[in-house]
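Visitor: Please find input26.tsv (TSV, C-alpha atoms) on the next line:
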```tsv
chain	number	residue	atom	x	y	z
A	5	GLY	CA	74.47	-90.29	-151.80
A	6	ASN	CA	73.30	-88.08	-148.96
A	7	ASP	CA	76.36	-86.27	-147.62
A	8	LEU	CA	74.41	-85.00	-144.61
A	9	ALA	CA	73.51	-88.53	-143.52
A	10	MET	CA	77.13	-89.66	-143.56
A	11	SER	CA	78.57	-87.11	-141.15
A	12	LYS	CA	77.59	-86.08	-137.64
A	13	LEU	CA	75.73	-82.79	-137.62
A	14	ILE	CA	76.17	-80.16	-134.91
A	15	VAL	CA	72.90	-78.29	-134.46
A	16	CYS	CA	71.98	-75.22	-132.43
A	17	THR	CA	68.49	-73.73	-131.93
A	18	SER	CA	66.99	-70.25	-131.71
A	19	GLY	CA	63.44	-69.18	-130.92
A	20	LEU	CA	61.96	-72.71	-130.80
A	21	GLU	CA	59.07	-73.61	-128.51
A	22	PRO	CA	60.25	-75.63	-125.44
A	23	ASP	CA	58.41	-78.79	-126.55
A	24	ARG	CA	60.10	-78.67	-129.96
A	25	LYS	CA	63.51	-78.29	-128.30
A	26	ARG	CA	62.74	-81.36	-126.17
A	27	ASP	CA	61.62	-83.32	-129.24
A	28	LEU	CA	64.82	-82.38	-131.06
A	29	GLN	CA	66.93	-83.63	-128.12
A	30	ARG	CA	64.94	-86.87	-128.08
A	31	HIS	CA	65.61	-87.55	-131.76
A	32	THR	CA	69.37	-86.93	-131.72
A	33	PRO	CA	70.30	-90.67	-131.90
A	34	THR	CA	67.95	-91.26	-134.87
A	35	LEU	CA	69.40	-88.39	-136.89
A	36	ASN	CA	73.03	-88.73	-135.69
A	37	ILE	CA	73.06	-85.08	-134.57
A	38	GLU	CA	74.49	-83.30	-131.57
A	39	VAL	CA	72.50	-80.36	-130.14
A	40	VAL	CA	74.65	-77.66	-128.56
A	41	PRO	CA	73.50	-74.60	-126.56
A	42	ASP	CA	75.90	-72.08	-128.10
A	43	LEU	CA	76.33	-71.31	-131.79
A	44	THR	CA	79.94	-71.61	-132.98
A	45	PRO	CA	81.49	-71.72	-136.48
A	46	GLU	CA	81.70	-75.52	-136.09
A	47	CYS	CA	77.88	-75.82	-136.09
A	48	THR	CA	76.41	-77.22	-139.29
A	49	HIS	CA	72.80	-75.97	-138.86
A	50	LEU	CA	70.76	-73.46	-136.86
A	51	VAL	CA	67.17	-74.67	-136.38
A	52	ALA	CA	65.24	-71.47	-135.79
A	53	ASP	CA	61.85	-69.81	-135.71
A	54	THR	CA	63.17	-66.22	-135.62
A	55	VAL	CA	65.38	-64.00	-137.76
A	56	LEU	CA	65.86	-61.42	-134.99
A	57	SER	CA	68.19	-63.27	-132.62
A	58	GLU	CA	71.94	-62.85	-132.14
A	59	LYS	CA	72.35	-66.50	-133.09
A	60	TYR	CA	70.60	-65.88	-136.42
A	61	LEU	CA	72.87	-62.93	-137.26
A	62	ALA	CA	75.95	-64.98	-136.33
A	63	ALA	CA	74.77	-67.93	-138.46
A	64	VAL	CA	74.35	-65.62	-141.46
A	65	THR	CA	77.84	-64.20	-140.91
A	66	TRP	CA	79.35	-67.69	-140.67
A	67	ARG	CA	77.26	-69.00	-143.62
A	68	ILE	CA	75.61	-71.66	-141.47
A	69	PRO	CA	72.26	-72.78	-142.98
A	70	VAL	CA	69.29	-71.52	-140.92
A	71	VAL	CA	66.42	-74.00	-141.24
A	72	SER	CA	62.89	-74.31	-139.89
A	73	TYR	CA	61.82	-77.09	-137.53
A	74	GLU	CA	60.07	-78.68	-140.53
A	75	TRP	CA	63.55	-79.75	-141.70
A	76	VAL	CA	63.84	-81.87	-138.52
A	77	GLU	CA	60.38	-83.40	-139.10
A	78	ALA	CA	61.12	-84.16	-142.76
A	79	SER	CA	64.47	-85.70	-141.80
A	80	LEU	CA	62.74	-87.95	-139.24
A	81	THR	CA	60.25	-89.08	-141.90
A	82	ASN	CA	63.18	-89.80	-144.20
A	83	GLY	CA	65.07	-91.69	-141.45
A	84	GLU	CA	68.17	-89.50	-141.88
A	85	PRO	CA	69.01	-85.80	-142.36
A	86	ILE	CA	67.94	-84.47	-145.76
A	87	ASP	CA	69.15	-81.57	-147.88
A	88	GLU	CA	68.17	-78.30	-146.21
A	89	GLU	CA	67.50	-76.33	-149.44
A	90	GLU	CA	63.68	-76.39	-149.19
A	91	TYR	CA	63.65	-75.62	-145.45
A	92	LEU	CA	65.85	-72.51	-145.28
A	93	LEU	CA	64.22	-69.70	-143.32
A	94	ARG	CA	63.02	-66.86	-145.56
A	95	PRO	CA	64.69	-63.50	-144.78
A	96	LEU	CA	61.50	-61.89	-143.40
A	97	HIS	CA	60.24	-65.01	-141.56
A	98	ARG	CA	57.40	-64.04	-139.16
A	99	LEU	CA	58.15	-60.31	-139.43
A	100	VAL	CA	55.31	-57.78	-139.72
A	101	ILE	CA	56.31	-54.77	-141.81
A	102	CYS	CA	54.66	-51.34	-141.81
A	103	LEU	CA	55.58	-48.49	-144.20
A	104	SER	CA	55.67	-44.76	-143.59
A	105	GLY	CA	56.75	-41.86	-145.78
A	106	LEU	CA	55.63	-39.73	-148.70
A	107	SER	CA	58.13	-41.37	-151.06
A	108	PHE	CA	56.06	-44.58	-151.23
A	109	SER	CA	53.34	-44.37	-153.88
A	110	THR	CA	50.31	-46.67	-153.78
A	111	ALA	CA	51.90	-48.83	-156.50
A	112	ASP	CA	55.14	-49.02	-154.49
A	113	ARG	CA	53.23	-50.13	-151.41
A	114	HIS	CA	51.45	-52.88	-153.35
A	115	SER	CA	54.71	-54.20	-154.84
A	116	ILE	CA	56.47	-54.05	-151.46
A	117	GLU	CA	53.53	-55.89	-149.84
A	118	ALA	CA	53.90	-58.69	-152.42
A	119	LEU	CA	57.69	-58.80	-151.84
A	120	VAL	CA	57.30	-58.98	-148.07
A	121	GLN	CA	54.83	-61.85	-148.31
A	122	ARG	CA	57.03	-63.70	-150.82
A	123	GLU	CA	59.95	-63.48	-148.39
A	124	GLY	CA	58.08	-64.93	-145.41
A	125	GLY	CA	56.71	-61.77	-143.77
A	126	ALA	CA	53.36	-60.03	-143.37
A	127	TYR	CA	52.46	-56.48	-144.38
A	128	SER	CA	50.42	-54.19	-142.13
A	129	ALA	CA	48.93	-50.92	-143.36
A	130	SER	CA	48.46	-49.73	-139.76
A	131	LEU	CA	51.09	-49.51	-137.03
A	132	ASP	CA	50.15	-51.67	-134.04
A	133	ARG	CA	51.77	-53.91	-131.41
A	134	HIS	CA	51.96	-56.82	-133.87
A	135	CYS	CA	54.40	-54.91	-136.11
A	136	THR	CA	58.09	-55.75	-135.84
A	137	HIS	CA	59.50	-53.11	-138.24
A	138	LEU	CA	58.54	-49.62	-139.39
A	139	VAL	CA	60.21	-48.88	-142.74
A	140	THR	CA	60.47	-45.13	-143.25
A	141	ASP	CA	62.62	-42.66	-145.17
A	142	SER	CA	62.73	-39.99	-142.45
A	143	ALA	CA	62.64	-39.48	-138.68
A	144	SER	CA	59.26	-37.74	-138.88
A	145	GLY	CA	55.60	-38.39	-139.56
A	146	ASP	CA	52.71	-39.69	-137.45
A	147	LYS	CA	53.78	-43.36	-137.42
A	148	TYR	CA	57.37	-42.47	-136.51
A	149	MET	CA	56.22	-40.21	-133.63
A	150	LYS	CA	53.72	-42.85	-132.42
A	151	CYS	CA	56.45	-45.48	-132.48
A	152	CYS	CA	58.74	-43.33	-130.34
A	153	ALA	CA	56.02	-42.25	-127.89
A	154	GLU	CA	53.99	-45.38	-127.09
A	155	SER	CA	55.37	-47.99	-124.70
A	156	THR	CA	53.49	-50.82	-126.49
A	157	LEU	CA	55.56	-50.06	-129.63
A	158	GLN	CA	59.03	-49.97	-128.04
A	159	HIS	CA	59.90	-53.31	-129.65
A	160	VAL	CA	59.27	-52.01	-133.20
A	161	ARG	CA	62.53	-51.43	-135.08
A	162	ILE	CA	62.57	-48.23	-137.16
A	163	VAL	CA	64.65	-48.85	-140.28
A	164	THR	CA	65.36	-47.28	-143.69
A	165	PRO	CA	64.08	-48.76	-146.98
A	166	ALA	CA	67.66	-49.94	-147.55
A	167	TRP	CA	67.15	-52.53	-144.77
A	168	LEU	CA	64.33	-54.11	-146.77
A	169	ALA	CA	66.29	-54.00	-150.03
A	170	ASP	CA	69.39	-55.51	-148.41
A	171	SER	CA	67.47	-58.31	-146.68
A	172	ILE	CA	65.76	-59.34	-149.90
A	173	ALA	CA	68.92	-59.04	-152.00
A	174	ARG	CA	71.03	-61.13	-149.60
A	175	GLY	CA	68.33	-63.68	-148.87
A	176	ALA	CA	68.96	-63.14	-145.15
A	177	CYS	CA	67.47	-60.67	-142.68
A	178	ALA	CA	69.85	-57.72	-142.30
A	179	ASN	CA	70.81	-56.37	-138.88
A	180	GLY	CA	68.32	-53.56	-138.16
A	181	ASN	CA	70.96	-51.67	-136.17
A	182	ASP	CA	72.92	-51.11	-139.40
A	183	PHE	CA	69.89	-49.40	-141.00
A	184	ALA	CA	68.33	-47.62	-138.03
A	185	VAL	CA	66.62	-44.30	-138.70
A	186	ARG	CA	68.32	-41.80	-136.39
A	187	ALA	CA	66.14	-39.41	-134.44
A	188	PRO	CA	66.84	-35.68	-134.80
A	189	PRO	CA	68.73	-34.14	-131.85
A	190	PRO	CA	66.41	-33.23	-128.94
A	191	SER	CA	65.09	-29.66	-128.68
A	192	SER	CA	67.02	-27.43	-126.29
A	193	GLY	CA	64.20	-25.31	-124.89
A	194	MET	CA	64.15	-22.13	-126.98
A	195	ARG	CA	65.34	-23.52	-130.34
A	196	ALA	CA	63.42	-25.96	-132.47
A	197	ALA	CA	65.04	-29.33	-133.09
A	198	ALA	CA	67.38	-29.37	-136.08
A	199	PRO	CA	66.24	-31.71	-138.83
A	200	ALA	CA	68.24	-34.91	-139.11
A	201	PRO	CA	70.88	-34.73	-141.86
A	202	LEU	CA	69.64	-36.22	-145.11
A	203	ASP	CA	72.35	-38.87	-145.30
A	204	ALA	CA	71.21	-40.22	-141.93
A	205	VAL	CA	67.63	-40.85	-142.96
A	206	PHE	CA	67.66	-41.44	-146.72
A	207	GLY	CA	68.84	-44.90	-147.65
A	208	PRO	CA	68.83	-46.22	-151.21
A	209	ARG	CA	65.07	-46.26	-151.78
A	210	LEU	CA	63.49	-49.56	-152.58
A	211	CYS	CA	60.67	-47.75	-154.34
A	212	ALA	CA	63.08	-46.00	-156.71
A	213	GLN	CA	64.65	-49.24	-157.95
A	214	ALA	CA	63.51	-52.48	-159.43
A	215	VAL	CA	63.30	-55.45	-157.07
A	216	PRO	CA	66.92	-55.90	-155.93
A	217	GLN	CA	68.75	-58.32	-158.19
A	218	LEU	CA	71.32	-60.70	-156.85
A	219	PHE	CA	74.51	-60.44	-158.85
A	220	LEU	CA	74.38	-64.02	-160.21
A	221	SER	CA	70.59	-64.25	-160.50
A	222	ASP	CA	70.82	-64.70	-164.27
A	223	CYS	CA	73.07	-67.78	-163.91
A	224	VAL	CA	72.01	-71.42	-163.88
A	225	LEU	CA	74.78	-73.59	-162.40
A	226	HIS	CA	75.27	-77.33	-162.56
A	227	PHE	CA	77.64	-79.01	-160.09
A	228	PRO	CA	78.61	-82.52	-161.30
A	229	GLU	CA	78.88	-84.58	-158.09
A	230	SER	CA	81.98	-86.42	-159.26
A	231	ALA	CA	83.83	-83.14	-159.92
A	232	SER	CA	84.00	-81.96	-156.29
A	233	ALA	CA	84.66	-83.69	-152.98
A	234	ALA	CA	81.63	-83.63	-150.64
A	235	PRO	CA	82.86	-80.80	-148.32
A	236	LEU	CA	83.62	-78.53	-151.29
A	237	LEU	CA	80.29	-79.38	-152.96
A	238	VAL	CA	78.35	-78.41	-149.83
A	239	CYS	CA	80.32	-75.15	-149.60
A	240	LEU	CA	79.79	-74.31	-153.30
A	241	ARG	CA	76.04	-74.93	-153.08
A	242	ARG	CA	75.86	-72.67	-150.04
A	243	LEU	CA	77.78	-69.93	-151.86
A	244	ALA	CA	75.49	-70.30	-154.87
A	245	ARG	CA	72.41	-69.70	-152.72
A	246	GLY	CA	73.91	-66.49	-151.34
A	247	CYS	CA	74.62	-65.18	-154.86
A	248	GLY	CA	71.10	-65.71	-156.21
A	249	VAL	CA	72.04	-68.60	-158.48
A	250	THR	CA	69.59	-71.17	-159.79
A	251	VAL	CA	71.08	-74.65	-159.27
A	252	ALA	CA	70.25	-77.29	-161.91
A	253	GLU	CA	70.48	-80.84	-160.58
A	254	HIS	CA	70.78	-82.22	-164.14
A	255	PRO	CA	72.50	-80.87	-167.28
A	256	SER	CA	70.12	-79.07	-169.63
A	257	GLY	CA	69.91	-76.35	-172.23
A	258	TRP	CA	69.26	-73.77	-169.50
A	259	VAL	CA	72.59	-74.29	-167.72
A	260	THR	CA	74.99	-71.33	-168.09
A	261	HIS	CA	77.96	-72.67	-166.09
A	262	ILE	CA	79.24	-76.16	-165.26
A	263	VAL	CA	81.33	-75.79	-162.10
A	264	LEU	CA	84.21	-78.22	-161.67
A	265	GLY	CA	85.97	-78.63	-158.35
A	266	ASP	CA	88.88	-80.45	-156.78
A	267	THR	CA	88.10	-83.98	-158.06
A	268	ALA	CA	87.46	-83.16	-161.74
A	269	GLY	CA	90.55	-85.15	-162.75
A	270	SER	CA	92.48	-84.59	-165.94
A	271	ASP	CA	90.22	-86.33	-168.50
A	272	ALA	CA	88.85	-83.32	-170.38
A	273	ALA	CA	86.75	-85.55	-172.69
A	274	VAL	CA	84.34	-86.39	-169.83
A	275	TRP	CA	83.52	-82.73	-169.30
A	276	THR	CA	83.43	-81.67	-172.96
A	277	GLU	CA	80.85	-84.45	-173.55
A	278	LEU	CA	78.80	-83.08	-170.64
A	279	GLN	CA	79.18	-79.55	-172.02
A	280	ALA	CA	77.76	-80.73	-175.35
A	281	THR	CA	74.44	-81.43	-173.56
A	282	CYS	CA	74.43	-77.83	-172.26
A	283	PRO	CA	75.01	-75.68	-175.37
A	284	LEU	CA	75.05	-72.37	-173.44
A	285	ALA	CA	77.30	-73.55	-170.62
A	286	LYS	CA	80.89	-72.61	-169.89
A	287	LEU	CA	83.16	-75.07	-168.08
A	288	VAL	CA	84.50	-73.08	-165.13
A	289	SER	CA	86.71	-73.76	-162.16
A	290	HIS	CA	85.04	-73.52	-158.74
A	291	VAL	CA	87.38	-70.56	-158.12
A	292	TRP	CA	85.08	-68.48	-160.38
A	293	LEU	CA	82.18	-68.88	-157.93
A	294	THR	CA	84.29	-68.23	-154.82
A	295	GLU	CA	85.75	-65.08	-156.42
A	296	CYS	CA	82.30	-63.84	-157.52
A	297	ASP	CA	81.16	-64.27	-153.90
A	298	ARG	CA	84.25	-62.52	-152.52
A	299	MET	CA	83.92	-59.56	-154.92
A	300	ARG	CA	80.07	-59.58	-154.69
A	301	ALA	CA	80.01	-59.21	-158.48
A	302	HIS	CA	79.39	-61.23	-161.64
A	303	LEU	CA	82.94	-61.79	-162.87
A	304	PRO	CA	83.57	-62.82	-166.49
A	305	ALA	CA	83.87	-66.60	-166.74
A	306	SER	CA	86.53	-66.30	-169.46
A	307	GLU	CA	89.21	-65.72	-166.81
A	308	TYR	CA	88.22	-68.87	-164.87
A	309	LEU	CA	87.68	-71.48	-167.59
A	310	TRP	CA	88.52	-74.99	-166.42
A	311	THR	CA	91.64	-76.54	-167.85
A	312	PRO	CA	92.80	-80.08	-167.06
A	313	PRO	CA	95.70	-80.11	-164.61
A	314	GLU	CA	99.11	-80.77	-166.12
A	315	PRO	CA	100.02	-84.46	-165.73
A	316	ARG	CA	102.78	-84.85	-163.22
A	317	ARG	CA	105.99	-85.65	-165.01
A	318	ARG	CA	108.29	-88.20	-163.46
A	319	PRO	CA	111.57	-86.67	-162.46
A	320	PRO	CA	114.42	-87.91	-164.68
A	321	PRO	CA	116.50	-90.68	-163.10
A	322	PRO	CA	119.55	-89.34	-161.33
A	323	GLN	CA	122.61	-89.21	-163.58
A	324	PRO	CA	125.73	-91.06	-162.40
A	325	PRO	CA	128.39	-88.59	-161.34
A	326	PRO	CA	131.02	-87.96	-164.06
A	327	PRO	CA	134.16	-90.06	-163.53
A	328	GLN	CA	136.77	-88.00	-161.80
A	329	GLN	CA	139.79	-87.40	-163.94
A	330	GLN	CA	142.98	-88.67	-162.44
A	331	GLN	CA	145.27	-85.90	-161.55
A	332	GLN	CA	148.40	-86.00	-163.55
A	333	LEU	CA	151.48	-86.18	-161.51
```
Is it possible to express this structure as structure tokens?
Guide:
Amino acid sequence: GNDLAMSKLIVCTSGLEPDRKRDLQRHTPTLNIEVVPDLTPECTHLVADTVLSEKYLAAVTWRIPVVSYEWVEASLTNGEPIDEEEYLLRPLHRLVICLSGLSFSTADRHSIEALVQREGGAYSASLDRHCTHLVTDSASGDKYMKCCAESTLQHVRIVTPAWLADSIARGACANGNDFAVRAPPPSSGMRAAAPAPLDAVFGPRLCAQAVPQLFLSDCVLHFPESASAAPLLVCLRRLARGCGVTVAEHPSGWVTHIVLGDTAGSDAAVWTELQATCPLAKLVSHVWLTECDRMRAHLPASEYLWTPPEPRRRPPPPQPPPPQQQQQL
């Protein structure tokens, strides 16, 4: 069944056109949703057309799905809210990225251009008012100076290559403030400005690494619906997305892990039969996924293999108290 359709959704918006916000309000009874002005951890979705707002950053922190308005339209066509997987905002949605710096070779620029487009952004070889980000490895160079000097470019965020790598690796746009390229200290008349310290301007270079890999990107997970209650299943699927996992809706030879949750029961035969259809798969407790997410690492499944819970033993019936011996006079 559709878990989204069965519960009331609390939706907030960010960056939507006014007419789309009005349409969303108009359709709240049809979709059984409540639209609220402020984003809180209780919200179930953020419907957005920007990845640069405070609401977007908060939604990412609170693991609230950020979806495009197309999710609303598709849900209306369906007559009830649908799974948001296909409508999640890409991490570079509507951003225009420009590169600067000698460390980027022509090949690097071509591969970064392809990455940016894959993740929802556009690449610009020239720096102009349409750009949203200048990615550079140092606080110098013509584009950097132009960005600092021209009033029409004040909105452009100047960030290190690590910002791009982090956004792509996490599947969510990183906060530019955390990756800002710091300007060198201003000149004090007689002396020339000191160069910015290297650690301030050199992030881990995207060009020096392969495309960032998510730590579970080589895993294919299957979540049997009967093995987890709906709230846990939604949470596990959300975690899986953030770890780079491929989710298989049906068991197959590609599946590497079958994740069992809080309603897996104690009948191991059900799950060993399922495992037989997935020869590569390990039967793991959902704790494996939550711990991988917490540690941001691919933890060995051997420590989290699912075992059926011990059947509850009935407590023995209370024993009658021993007869008291009569005291001898």
Visitor: So which residues fall inside 9 Å of (65.1, -82.0, -138.9) if we count all atoms listed in the file? Mind giving them as a list of chain:residue names?
Guide: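 In the file's frame, the residues around the point are A:Leu28, A:Leu35, A:Val51, A:Val71, A:Ser72, A:Tyr73, A:Glu74, A:Trp75, A:Val76, A:Glu77, A:Ala78, A:Ser79, A:Leu80, A:Glu84, A:Pro85, A:Ile86, A:Glu88.
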Visitor: Taking 5 positions as the minimum chain separation for residues in the same chain, which residues sit within 8 Å of Ala178 (chain A) when counting only C-alpha atoms? Answer as a VMD selection string.
Guide: chain A and resid 61 167 to 168 170 to 171
Visitor: Choose the residue, out of A:Val224, A:Cys135, A:Leu99, A:Val288, that has the smallest atom-to-atom separation from Val120 (chain A); count all atoms listed in the file.
Guide: A:Leu99
Visitor: Between A:His226, A:Ala272, A:Leu243, A:Ser232, which is the closest to Glu295 (chain A) once you count only C-alpha atoms?
Guide: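 For Glu295 (chain A), the nearest of the given residues is A:Leu243.
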Visitor: I'd like to know which of A:Ile262, A:Val39, A:Cys177, A:Ala52 is closest to Glu21 (chain A), using only C-alpha atoms.
Guide: A:Ala52
Visitor: Closest to His49 (chain A) among A:Ala62, A:Ala143, A:Leu236, A:Ile172, using only C-alpha atoms?
Guide: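 Closest to His49 (chain A) of all the choices is A:Ala62.
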Visitor: To one decimal place, how far is CA of Arg245 (chain A) from CA of Pro45 (chain A) in Å?
Guide: 18.7 Å
Visitor: Could you give me, as number ranges by chain, the residues that sit within 10 Å of (81.7, -86.3, -137.2) in the file's coordinates, counting all atoms listed in the file?
Guide: A: 10-14, 36-38
Visitor: Which residue gives the smallest distance to Thr311 (chain A) among A:Pro235, A:Pro324, A:Leu264, A:Leu284, with all atoms listed in the file counted?
Guide: A:Leu264
Visitor: Kindly indicate which residue among A:Glu117, A:Asp87, A:Glu229, A:Asp271 lies nearest to Val100 (chain A), using all atoms listed in the file for the distances.
Guide: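 Residue with the minimum atom-to-atom distance to Val100 (chain A): A:Glu117.
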Visitor: For CA of Ser18 (chain A) and CA of Thr81 (chain A), quote the distance in Å rounded to one decimal.
Guide: 22.4 Å
Visitor: Find the nearest atom pair between each residue of region 216-286 of chain A and region 297-302 of chain A for residues within 12 Å, count all atoms listed in the file, give distances in Å to one decimal, sort rows by chain and ascending number, and present the table as CSV.
Guide:
```
residue,atom,partner,partner_atom,distance
A:Gln217,CA,A:Ala301,CA,11.3
A:Leu218,CA,A:Ala301,CA,9.0
A:Phe219,CA,A:Ala301,CA,5.6
A:Leu220,CA,A:His302,CA,5.9
A:Ser221,CA,A:His302,CA,9.4
A:Asp222,CA,A:His302,CA,9.6
A:Cys223,CA,A:His302,CA,9.4
A:Cys239,CA,A:Asp297,CA,11.7
A:Leu240,CA,A:Asp297,CA,10.2
A:Arg241,CA,A:Asp297,CA,11.9
A:Arg242,CA,A:Asp297,CA,10.7
A:Leu243,CA,A:Asp297,CA,6.9
A:Ala244,CA,A:Asp297,CA,8.3
A:Arg245,CA,A:Asp297,CA,10.4
A:Gly246,CA,A:Asp297,CA,8.0
A:Cys247,CA,A:Asp297,CA,6.7
A:Gly248,CA,A:Asp297,CA,10.4
A:Val249,CA,A:His302,CA,10.9
```
Visitor: Leaving out Trp275 (chain A) and any residue of its chain fewer than 6 positions from it, which residues lie within 10 Å of it when counting all atoms listed in the file, given as a VMD selection string?
Guide: chain A and resid 228 231 262 264 268 to 269 287 310 312
Visitor: I want to know what sits within 8 Å of region 146-150 of chain A, based on only C-alpha atoms, with residues of the same chain fewer than 3 positions away left out; could you give that as a ChimeraX atom specification?
Guide: /A:104,131,138,140,143,153-154,157,162
Visitor: For a test of reading the model, state the distance in Å between CA of Asn181 (chain A) and CA of Lys25 (chain A), rounded to one decimal.
Guide: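 Here the two named atoms are 28.7 Å from each other.
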Visitor: Which residues are close to Pro283 (chain A), i.e. within 12 Å by all atoms listed in the file, leaving aside same-chain residues fewer than 5 positions away? Reply as a ChimeraX atom specification.
Guide: /A:255-262,276-278
Visitor: Any idea what's packed within 7 Å of Phe183 (chain A), counting only C-alpha atoms, ignoring anything in its chain fewer than 2 positions away? Could you give it as JSON, numbers by chain?
Guide: {"A": [163, 164, 166, 167, 180, 181, 185]}
Visitor: Around all of region 28-40 of chain A's listed atoms, make the axis-aligned box with 6 Å on each side and tell me centre and edge lengths in Å to one decimal, as JSON.
Guide:
```
{"center_x": 69.7, "center_y": -84.5, "center_z": -132.5, "size_x": 21.8, "size_y": 25.6, "size_z": 20.8}
```
